[in-house]
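Listing of query_19.txt; format and content: compact mmCIF, C-alpha atoms.
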```txt
# COMPACT_ATOMS: atom_id res chain seq x y z
CA MET G 115 -63.76 -19.39 9.66
CA GLU G 116 -60.70 -20.93 11.32
CA LYS G 117 -61.17 -24.14 9.38
CA ASP G 118 -61.36 -22.14 6.16
CA ILE G 119 -58.14 -20.37 7.03
CA LEU G 120 -56.42 -23.66 7.72
CA LYS G 121 -57.66 -25.07 4.41
CA ILE G 122 -56.35 -22.04 2.55
CA LEU G 123 -53.06 -22.22 4.42
CA ASN G 124 -52.75 -25.86 3.39
CA LYS G 125 -53.19 -24.78 -0.20
CA LEU G 126 -50.06 -22.64 0.17
CA LYS G 127 -48.11 -25.89 0.15
CA GLU G 128 -48.52 -25.75 -3.60
CA ILE G 129 -45.87 -23.04 -3.73
CA LYS G 130 -42.80 -24.72 -5.19
CA PRO G 131 -39.48 -23.50 -6.51
CA ASP G 132 -38.73 -23.48 -10.22
CA PRO G 133 -37.23 -26.94 -11.10
CA ASP G 134 -34.48 -25.34 -13.23
CA TYR G 135 -33.48 -23.08 -10.37
CA ALA G 136 -33.46 -26.05 -7.96
CA LYS G 137 -31.26 -28.11 -10.29
CA LYS G 138 -28.79 -25.29 -10.84
CA SER G 139 -28.66 -24.32 -7.17
CA ARG G 140 -28.09 -27.93 -6.11
CA MET G 141 -25.24 -28.37 -8.58
CA LEU G 142 -23.56 -25.10 -7.58
CA ILE G 143 -23.73 -25.92 -3.89
CA LEU G 144 -22.31 -29.41 -4.24
CA VAL G 145 -19.56 -28.35 -6.66
CA SER G 146 -18.46 -25.51 -4.39
CA LYS G 147 -17.98 -27.86 -1.48
CA GLN G 148 -16.19 -30.49 -3.58
CA ASN G 149 -13.66 -27.87 -4.68
CA GLU G 150 -13.00 -26.88 -1.08
CA LEU G 151 -12.48 -30.48 -0.07
CA LYS G 152 -10.10 -30.97 -2.97
CA SER G 153 -7.99 -28.01 -1.97
CA LEU G 154 -8.04 -29.22 1.61
CA ASN G 155 -6.77 -32.66 0.57
CA PHE G 156 -4.10 -31.03 -1.52
CA GLY G 157 -3.10 -29.04 1.55
CA PHE G 158 -2.85 -32.15 3.70
CA LYS G 159 -0.82 -34.03 1.11
CA ASN G 160 1.69 -31.25 0.88
CA PHE G 161 1.63 -30.44 4.53
CA THR G 162 4.94 -32.18 5.30
CA GLU G 163 6.57 -30.62 2.28
CA ILE G 164 5.38 -27.14 3.29
CA LEU G 165 6.53 -27.81 6.84
CA ARG G 166 9.97 -28.92 5.63
CA PHE G 167 10.31 -25.90 3.35
CA SER G 168 9.25 -23.47 6.05
CA ALA G 169 11.67 -25.15 8.50
CA VAL G 170 14.56 -24.74 6.03
CA VAL G 171 13.67 -21.10 5.37
CA GLY G 172 13.32 -20.45 9.09
CA LEU G 173 16.65 -22.09 9.90
CA ALA G 174 18.43 -20.19 7.14
CA GLY G 175 16.95 -16.96 8.40
CA PHE G 176 18.02 -17.76 11.94
CA LEU G 177 21.59 -18.55 10.85
CA LEU G 178 21.80 -15.37 8.81
CA LEU G 179 20.56 -13.32 11.71
CA SER G 180 22.99 -14.91 14.18
CA LEU G 181 25.86 -14.36 11.72
CA LEU G 182 24.96 -10.71 11.31
CA GLU G 183 24.66 -10.32 15.05
CA GLY G 184 28.11 -11.90 15.54
CA VAL G 185 29.69 -9.59 13.00
CA PHE G 186 28.04 -6.61 14.66
CA TYR G 187 29.24 -7.74 18.11
CA VAL G 188 32.84 -8.26 16.96
CA ASN G 189 32.83 -4.94 15.14
CA LYS G 190 31.51 -3.19 18.20
CA ASN G 191 33.80 -4.71 20.83
CA PHE G 192 37.06 -5.72 19.14
CA SER G 193 37.47 -3.26 16.32
CA PRO G 194 40.63 -1.02 16.65
CA LEU G 195 38.39 1.91 15.89
CA ALA G 196 36.32 1.06 18.91
CA LEU G 197 39.34 1.49 21.42
CA GLU G 198 38.89 4.41 23.73
CA GLY G 199 42.43 5.78 23.18
CA LEU G 200 41.81 6.05 19.46
CA ASN G 201 38.46 7.51 19.63
CA GLN G 202 38.75 10.75 17.71
CA LYS G 203 35.92 12.51 19.41
CA SER G 204 37.09 11.78 22.92
CA LEU G 205 40.62 12.83 21.93
CA ILE G 206 39.41 16.16 20.63
CA THR G 207 37.35 16.77 23.75
CA GLU G 208 40.26 15.89 25.96
CA ALA G 209 42.63 18.17 24.00
CA GLU G 210 40.18 21.03 24.21
CA GLY G 211 39.94 20.55 27.95
CA ILE G 212 43.71 20.63 28.35
CA ASN G 213 43.98 23.69 26.11
CA ASN G 214 41.39 25.54 28.18
CA SER G 215 43.14 24.73 31.44
CA ILE G 216 46.50 25.91 29.96
CA GLN G 217 44.94 29.19 28.89
CA ILE G 218 43.46 29.73 32.33
CA THR G 219 46.89 29.07 33.94
CA LEU G 220 48.59 31.50 31.56
CA LYS G 221 46.06 34.19 32.38
CA GLU G 222 46.61 33.66 36.08
CA ILE G 223 50.39 33.87 35.64
CA LYS G 224 50.04 37.08 33.64
CA TYR G 225 47.71 38.59 36.20
CA LEU G 226 49.98 37.66 39.09
CA ASP G 227 53.03 39.04 37.27
CA GLN G 228 51.29 42.33 36.60
CA SER G 229 50.04 42.65 40.15
CA ASN G 230 53.53 41.83 41.48
CA LYS G 231 55.06 44.51 39.31
CA LYS G 232 52.45 47.03 40.45
CA THR G 233 53.06 46.17 44.09
CA ILE G 234 56.81 46.51 43.69
CA ASN G 235 56.41 49.87 41.95
CA MET G 236 54.04 51.12 44.59
CA ILE G 237 56.38 50.04 47.40
CA ASN G 238 59.27 51.72 45.66
CA GLU G 239 57.33 54.93 45.23
CA ILE G 240 56.10 54.93 48.81
CA SER G 241 59.53 54.22 50.16
CA LYS G 242 61.04 57.06 48.10
CA ASN G 243 58.47 59.82 48.71
CA GLU G 244 56.79 59.41 52.12
CA PRO G 245 57.32 57.56 55.37
CA VAL G 246 55.69 54.26 55.57
CA TYR G 247 53.53 55.08 58.58
CA SER G 248 52.15 58.31 57.14
CA ASN G 249 48.94 56.55 56.10
CA ILE G 250 48.24 55.52 59.64
CA PRO G 251 45.92 58.08 61.32
CA MET G 252 47.30 59.65 64.47
CA ASN G 253 44.17 59.16 66.46
CA TYR G 254 43.96 55.53 65.54
CA SER G 255 44.13 53.90 68.91
CA SER G 256 43.38 50.37 68.12
CA ALA G 257 46.45 48.27 68.30
CA GLU G 258 44.65 45.42 66.70
CA ALA G 259 44.34 47.05 63.26
CA THR G 260 48.05 46.81 62.49
CA SER G 261 50.41 45.04 64.72
CA THR G 262 53.62 46.77 65.65
CA GLU G 263 55.64 43.76 64.79
CA ASP G 264 54.46 43.88 61.19
CA ILE G 265 55.33 47.53 60.87
CA GLU G 266 58.72 46.95 62.44
CA ASN G 267 59.49 44.10 60.17
CA PHE G 268 58.50 46.17 57.20
CA LEU G 269 60.65 49.10 58.22
CA ILE G 270 63.62 46.97 59.03
CA GLU G 271 63.51 45.53 55.54
CA SER G 272 62.87 48.92 53.99
CA PRO G 273 65.94 50.78 52.67
CA THR G 274 64.68 54.00 54.29
CA SER G 275 64.17 53.20 57.94
CA THR G 276 64.48 56.92 58.93
CA ASP G 277 62.16 59.79 57.94
CA ILE G 278 63.04 63.15 56.45
CA ASN G 279 63.39 64.87 59.86
CA GLY G 280 65.86 62.27 60.92
CA GLN G 281 63.66 60.95 63.70
CA ASN G 282 64.23 57.50 64.89
CA ILE G 283 61.57 55.19 63.51
CA ASN G 284 61.45 53.25 66.69
CA SER G 285 60.36 56.20 68.67
CA LEU G 286 57.60 56.89 66.18
CA LEU G 287 56.45 53.34 66.44
CA ASP G 288 56.17 53.68 70.15
CA LYS G 289 53.96 56.67 69.67
CA VAL G 290 51.69 54.84 67.28
CA ALA G 291 51.41 51.95 69.68
CA GLN G 292 50.34 54.24 72.46
CA MET X 161 -37.52 -41.01 1.51
CA LEU X 162 -35.17 -40.05 4.33
CA ASP X 163 -37.18 -41.36 7.27
CA GLY X 164 -35.47 -44.74 7.59
CA ASP X 165 -31.87 -43.81 7.18
CA LYS X 166 -32.01 -40.05 7.71
CA LYS X 167 -29.39 -40.15 10.43
CA SER X 168 -26.89 -42.05 8.32
CA ILE X 169 -27.42 -39.66 5.39
CA ILE X 170 -26.78 -36.70 7.65
CA GLU X 171 -23.67 -38.44 9.01
CA ARG X 172 -22.41 -39.03 5.48
CA ALA X 173 -23.06 -35.41 4.61
CA ILE X 174 -21.18 -34.31 7.73
CA SER X 175 -18.23 -36.45 6.67
CA GLY X 176 -18.17 -34.50 3.38
CA GLU X 177 -20.12 -36.76 1.02
CA ALA X 178 -21.72 -34.43 -1.53
CA SER X 179 -24.26 -36.94 -2.80
CA ALA X 180 -25.63 -37.37 0.73
CA PHE X 181 -26.09 -33.64 1.05
CA GLY X 182 -27.75 -33.71 -2.37
CA LEU X 183 -30.40 -36.03 -0.91
CA LEU X 184 -30.96 -33.67 1.99
CA TYR X 185 -31.25 -30.79 -0.48
CA ASP X 186 -33.91 -32.67 -2.46
CA GLU X 187 -35.81 -33.41 0.71
CA TYR X 188 -35.88 -29.92 2.21
CA ASN X 189 -35.47 -27.50 -0.69
CA GLU X 190 -39.20 -27.03 -1.33
CA ARG X 191 -40.01 -26.38 2.31
CA ILE X 192 -37.18 -23.93 2.84
CA TYR X 193 -37.94 -22.13 -0.41
CA ARG X 194 -41.66 -21.86 0.53
CA PHE X 195 -40.83 -20.60 4.00
CA ILE X 196 -38.61 -17.87 2.53
CA TYR X 197 -40.95 -17.02 -0.34
CA LEU X 198 -43.91 -16.45 2.02
CA LYS X 199 -41.75 -14.08 4.03
CA VAL X 200 -40.14 -12.05 1.23
CA SER X 201 -43.00 -12.35 -1.36
CA HIS X 202 -40.53 -12.18 -4.24
CA ARG X 203 -39.60 -15.20 -6.31
CA GLU X 204 -36.02 -14.24 -7.23
CA GLU X 205 -35.16 -13.03 -3.75
CA ALA X 206 -36.58 -16.26 -2.34
CA GLU X 207 -34.46 -18.31 -4.76
CA ASP X 208 -31.29 -16.40 -3.87
CA LEU X 209 -31.92 -16.70 -0.17
CA ALA X 210 -32.82 -20.40 -0.34
CA HIS X 211 -29.63 -21.07 -2.30
CA GLN X 212 -27.65 -19.19 0.33
CA VAL X 213 -29.31 -21.19 3.11
CA PHE X 214 -28.29 -24.53 1.60
CA LEU X 215 -24.81 -23.27 0.78
CA ASN X 216 -24.33 -22.17 4.40
CA ALA X 217 -25.74 -25.47 5.61
CA TRP X 218 -23.34 -27.43 3.38
CA GLN X 219 -20.33 -25.39 4.41
CA ASN X 220 -21.18 -25.54 8.11
CA ILE X 221 -22.69 -28.99 8.31
CA LYS X 222 -19.82 -30.09 10.59
CA ASN X 223 -21.29 -27.77 13.23
CA TYR X 224 -24.59 -29.64 13.22
CA LYS X 225 -25.10 -32.07 16.12
CA PHE X 226 -27.88 -34.63 16.50
CA GLN X 227 -28.50 -33.66 20.10
CA GLY X 228 -30.58 -30.55 20.26
CA VAL X 229 -32.55 -29.74 17.14
CA PRO X 230 -33.70 -31.93 14.22
CA PHE X 231 -31.93 -31.30 10.91
CA HIS X 232 -34.87 -29.48 9.28
CA SER X 233 -35.21 -27.23 12.35
CA TRP X 234 -31.54 -26.39 11.93
CA LEU X 235 -32.24 -25.47 8.29
CA TYR X 236 -35.22 -23.31 9.33
CA GLN X 237 -32.96 -21.53 11.82
CA ILE X 238 -30.47 -20.74 9.04
CA ALA X 239 -33.31 -19.61 6.75
CA ARG X 240 -34.81 -17.38 9.40
CA ASN X 241 -31.43 -15.72 10.08
CA GLN X 242 -30.88 -15.34 6.35
CA VAL X 243 -34.20 -13.51 5.94
CA ILE X 244 -33.44 -11.26 8.92
CA ASP X 245 -30.04 -10.40 7.38
CA HIS X 246 -31.73 -9.81 4.04
CA TYR X 247 -34.15 -7.26 5.51
CA ARG X 248 -31.34 -5.66 7.49
CA THR X 249 -29.13 -5.09 4.45
CA LYS X 250 -31.87 -4.50 1.88
CA LYS X 251 -31.73 -1.05 0.32
CA PRO X 252 -35.00 0.86 0.73
CA THR X 253 -34.86 2.42 -2.74
CA VAL X 254 -35.88 0.68 -5.96
CA ASN X 255 -34.54 1.59 -9.37
CA ILE X 256 -37.69 2.19 -11.47
CA GLU X 257 -35.81 1.60 -14.73
CA LEU X 258 -34.90 -1.89 -13.61
CA VAL X 259 -38.39 -2.80 -12.45
CA SER X 260 -39.68 -3.41 -15.96
CA GLU X 261 -36.66 -5.64 -16.69
CA THR X 262 -36.82 -7.74 -13.53
CA ILE X 263 -40.56 -8.38 -13.40
CA SER X 264 -41.48 -10.62 -16.27
CA TYR X 265 -44.87 -10.62 -17.95
CA SER X 266 -45.73 -14.09 -16.68
CA GLU X 267 -44.87 -13.08 -13.12
CA LEU X 268 -47.18 -10.10 -13.36
CA LEU X 269 -49.93 -12.37 -14.57
CA ALA X 270 -49.30 -14.72 -11.67
CA GLU X 271 -49.41 -11.85 -9.20
CA ASP X 272 -52.71 -10.62 -10.65
CA PHE X 273 -54.07 -14.11 -10.31
CA ASP X 274 -52.83 -14.33 -6.72
CA ALA X 275 -54.35 -10.98 -5.86
CA ASN X 276 -57.77 -12.12 -6.97
CA SER X 277 -57.63 -15.57 -5.46
CA GLU X 278 -57.88 -16.80 -1.89
CA LEU X 279 -54.21 -17.69 -1.93
CA GLY X 280 -53.26 -14.16 -2.85
CA THR X 281 -55.44 -12.78 -0.08
CA ILE X 282 -53.96 -15.00 2.59
CA LYS X 283 -50.42 -14.38 1.33
CA LYS X 284 -51.00 -10.67 1.75
CA ALA X 285 -52.54 -11.20 5.16
CA ILE X 286 -49.52 -13.24 6.30
CA SER X 287 -47.16 -10.55 5.08
CA LYS X 288 -48.97 -8.05 7.33
CA LEU X 289 -48.11 -10.06 10.45
CA ASN X 290 -44.88 -9.43 12.33
CA GLN X 291 -41.86 -11.66 11.59
CA GLU X 292 -42.38 -13.94 14.57
CA GLN X 293 -46.08 -14.52 13.86
CA GLN X 294 -45.27 -15.14 10.18
CA ASP X 295 -42.72 -17.79 11.22
CA ILE X 296 -45.25 -19.51 13.45
CA ILE X 297 -48.09 -19.50 10.90
CA ILE X 298 -45.84 -20.84 8.13
CA MET X 299 -44.11 -23.50 10.22
CA ARG X 300 -47.20 -24.65 12.13
CA PHE X 301 -49.98 -24.53 9.52
CA ILE X 302 -48.16 -24.78 6.20
CA GLU X 303 -45.13 -26.93 7.05
CA ASP X 304 -46.92 -28.84 9.84
CA LEU X 305 -44.06 -28.64 12.32
CA PRO X 306 -44.97 -29.58 15.91
CA PRO X 307 -44.78 -26.77 18.51
CA LYS X 308 -41.71 -28.40 20.05
CA GLU X 309 -39.70 -28.04 16.84
CA ILE X 310 -40.97 -24.51 16.28
CA ALA X 311 -39.79 -23.73 19.79
CA SER X 312 -36.31 -25.04 18.92
CA VAL X 313 -36.20 -22.91 15.75
CA LEU X 314 -37.36 -19.76 17.52
CA LYS X 315 -35.30 -20.62 20.61
CA LYS X 316 -38.32 -20.06 22.86
CA PRO X 317 -40.17 -22.29 25.35
CA GLU X 318 -42.89 -24.46 23.89
CA SER X 319 -45.56 -22.79 26.04
CA THR X 320 -44.55 -19.40 24.65
CA VAL X 321 -44.83 -20.77 21.12
CA ARG X 322 -48.39 -21.97 21.84
CA VAL X 323 -49.35 -18.52 23.09
CA LEU X 324 -47.71 -16.87 20.08
CA GLN X 325 -49.49 -19.31 17.76
CA HIS X 326 -52.87 -18.41 19.26
CA ARG X 327 -52.09 -14.72 18.88
CA ALA X 328 -50.88 -15.16 15.30
CA VAL X 329 -54.06 -16.98 14.23
CA LYS X 330 -56.20 -14.33 15.91
CA ASN X 331 -54.34 -11.54 14.11
CA LEU X 332 -54.54 -13.36 10.78
CA LYS X 333 -58.33 -13.69 11.19
CA LYS X 334 -58.59 -10.03 12.04
CA ILE X 335 -56.62 -9.01 8.94
CA LEU X 336 -58.67 -11.31 6.71
CA ASN X 337 -61.92 -9.93 8.13
CA GLN X 338 -60.73 -6.40 7.51
CA ASN X 339 -59.86 -7.30 3.93
CA GLN X 340 -63.26 -8.96 3.42
CA SER X 341 -65.15 -5.92 4.68
CA ALA X 342 -63.00 -3.65 2.52
CA ASN X 343 -63.76 -5.77 -0.57
CA LYS X 344 -67.50 -5.67 0.20
CA ARG X 345 -67.40 -1.86 0.31
CA LYS X 346 -65.88 -1.82 -3.16
```
Could you show the structure in this file as structure tokens?
Amino acid sequence: MEKDILKILNKLKEIKPDPDYAKKSRMLILVSKQNELKSLNFGFKNFTEILRFSAVVGLAGFLLLSLLEGVFYVNKNFSPLALEGLNQKSLITEAEGINNSIQITLKEIKYLDQSNKKTINMINEISKNEPVYSNIPMNYSSAEATSTEDIENFLIESPTSTDINGQNINSLLDKVAQ
Amino acid sequence: MLDGDKKSIIERAISGEASAFGLLYDEYNERIYRFIYLKVSHREEAEDLAHQVFLNAWQNIKNYKFQGVPFHSWLYQIARNQVIDHYRTKKPTVNIELVSETISYSELLAEDFDANSELGTIKKAISKLNQEQQDIIIMRFIEDLPPKEIASVLKKPESTVRVLQHRAVKNLKKILNQNQSANKRK
């Protein structure tokens, strides 16, 4: 049986490709490679030329880039528009800052003026109508709350150093101190 | 034809000499075509694949080195990979309208003849084996390659190839016996 199989297998050697196919396939394979070799040779022949051309293009590109970079650098650092003093934005910001501070100062002045006027008016009214010490409670024993010296100074400067009853202010002060 | 100066022809082919590769093509085309045809069982597919094998070999011949595998083993390796790729990418569907156009009358006659002959029976039996056993049967008993070279193609130890060969023959016998008994029943 095995020998029969081997004999039959040997007969399979008769299988052969079509001669036309073989011829065509052979030609196509060899032509395809020849073309590739040709293009490769062409590439080698022109290699130096391609290298030279690419070097020139590369150098030109590099010079152009460095030139542009130089122009950009000069424009950035030495241009009159680039000076800090002439920078419009910073000037506007600075001016706004100054303007704000001026307004704040004016408001303060106005407020202080008004409060001064009010104080003067109040002092005038108090000095005209009632004695200065009338606001001080009689039972207020603490001498630390208002010092006698302050009150004395105030009364000395006041145009009305005597009360309605004609009492001496100094005697009243003594009482308050006690 | 190539036995005496095979090495120098291969060297010339490696250096890019087309005529040298032409000689190698003439020497190995039949064997490679047969190997592929017995695996794919379709004449046109076998022709396309064999063409592709030699084209790949020609384009990559610079990768071939004398140390290692003989040149024809290298070609069998390419052919084997080509067939594997072919089955991997082959579409499972067949356009019925195109079948009548692609299968010629003479081919049909040849297939009928094959089916009734011993050759047809054994071809069918081989196609029922797995890919590895097919490779071994074709290379060992049809192409007469020694186990050592088959081992280099399959990238397996020689002892493994001998075991696989024994198994392949056994399976082939089994398939043929089954076919014989089936024919007797008819």
Rows by chain and residue number, chain G within 7 Å of chain X, shortest pair, all atoms listed in the file, as JSON lines:
```
{"residue": "G:Leu120", "atom": "CA", "partner": "X:Phe301", "partner_atom": "CA", "distance": 6.7}
{"residue": "G:Ile122", "atom": "CA", "partner": "X:Leu279", "partner_atom": "CA", "distance": 6.6}
{"residue": "G:Leu123", "atom": "CA", "partner": "X:Ile302", "partner_atom": "CA", "distance": 5.8}
{"residue": "G:Asn124", "atom": "CA", "partner": "X:Ile302", "partner_atom": "CA", "distance": 5.5}
{"residue": "G:Leu126", "atom": "CA", "partner": "X:Ile302", "partner_atom": "CA", "distance": 6.7}
{"residue": "G:Lys127", "atom": "CA", "partner": "X:Ile302", "partner_atom": "CA", "distance": 6.2}
{"residue": "G:Ile129", "atom": "CA", "partner": "X:Arg194", "partner_atom": "CA", "distance": 6.1}
{"residue": "G:Lys130", "atom": "CA", "partner": "X:Glu190", "partner_atom": "CA", "distance": 5.8}
{"residue": "G:Pro131", "atom": "CA", "partner": "X:Glu190", "partner_atom": "CA", "distance": 6.3}
{"residue": "G:Ser139", "atom": "CA", "partner": "X:His211", "partner_atom": "CA", "distance": 5.9}
{"residue": "G:Arg140", "atom": "CA", "partner": "X:Gly182", "partner_atom": "CA", "distance": 6.9}
{"residue": "G:Ile143", "atom": "CA", "partner": "X:Leu215", "partner_atom": "CA", "distance": 5.5}
{"residue": "G:Leu144", "atom": "CA", "partner": "X:Ala178", "partner_atom": "CA", "distance": 5.7}
{"residue": "G:Lys147", "atom": "CA", "partner": "X:Gln219", "partner_atom": "CA", "distance": 6.8}
```
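Here CA of Tyr187 in chain G is placed at a distance of 20.8 Å from CA of Gln202 in chain G.
Distance-wise, CA of Asp132 in chain G and CA of Glu187 in chain X end up 15.1 Å apart.
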State, in Å with one decimal place, the distance from CA of Ile174 in chain X to CA of Lys222 in chain X.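 Those two atoms sit 5.3 Å apart.
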Edge lengths and centre, in Å to one decimal, as lines of an AutoDock Vina configuration file: that's what I need for the box along x, y and z that holds all listed atoms of range 312-328 of chain X plus 8 Å on each side.
```
center_x = -44.1
center_y = -19.9
center_z = 20.7
size_x = 33.6
size_y = 26.3
size_z = 26.7
```
Which one of X:Leu305, X:Ile310, X:Val213, X:Val229 sits closest to His246 in chain X if you count all atoms listed in the file?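 So, comparing all the options, the nearest one is X:Val213.
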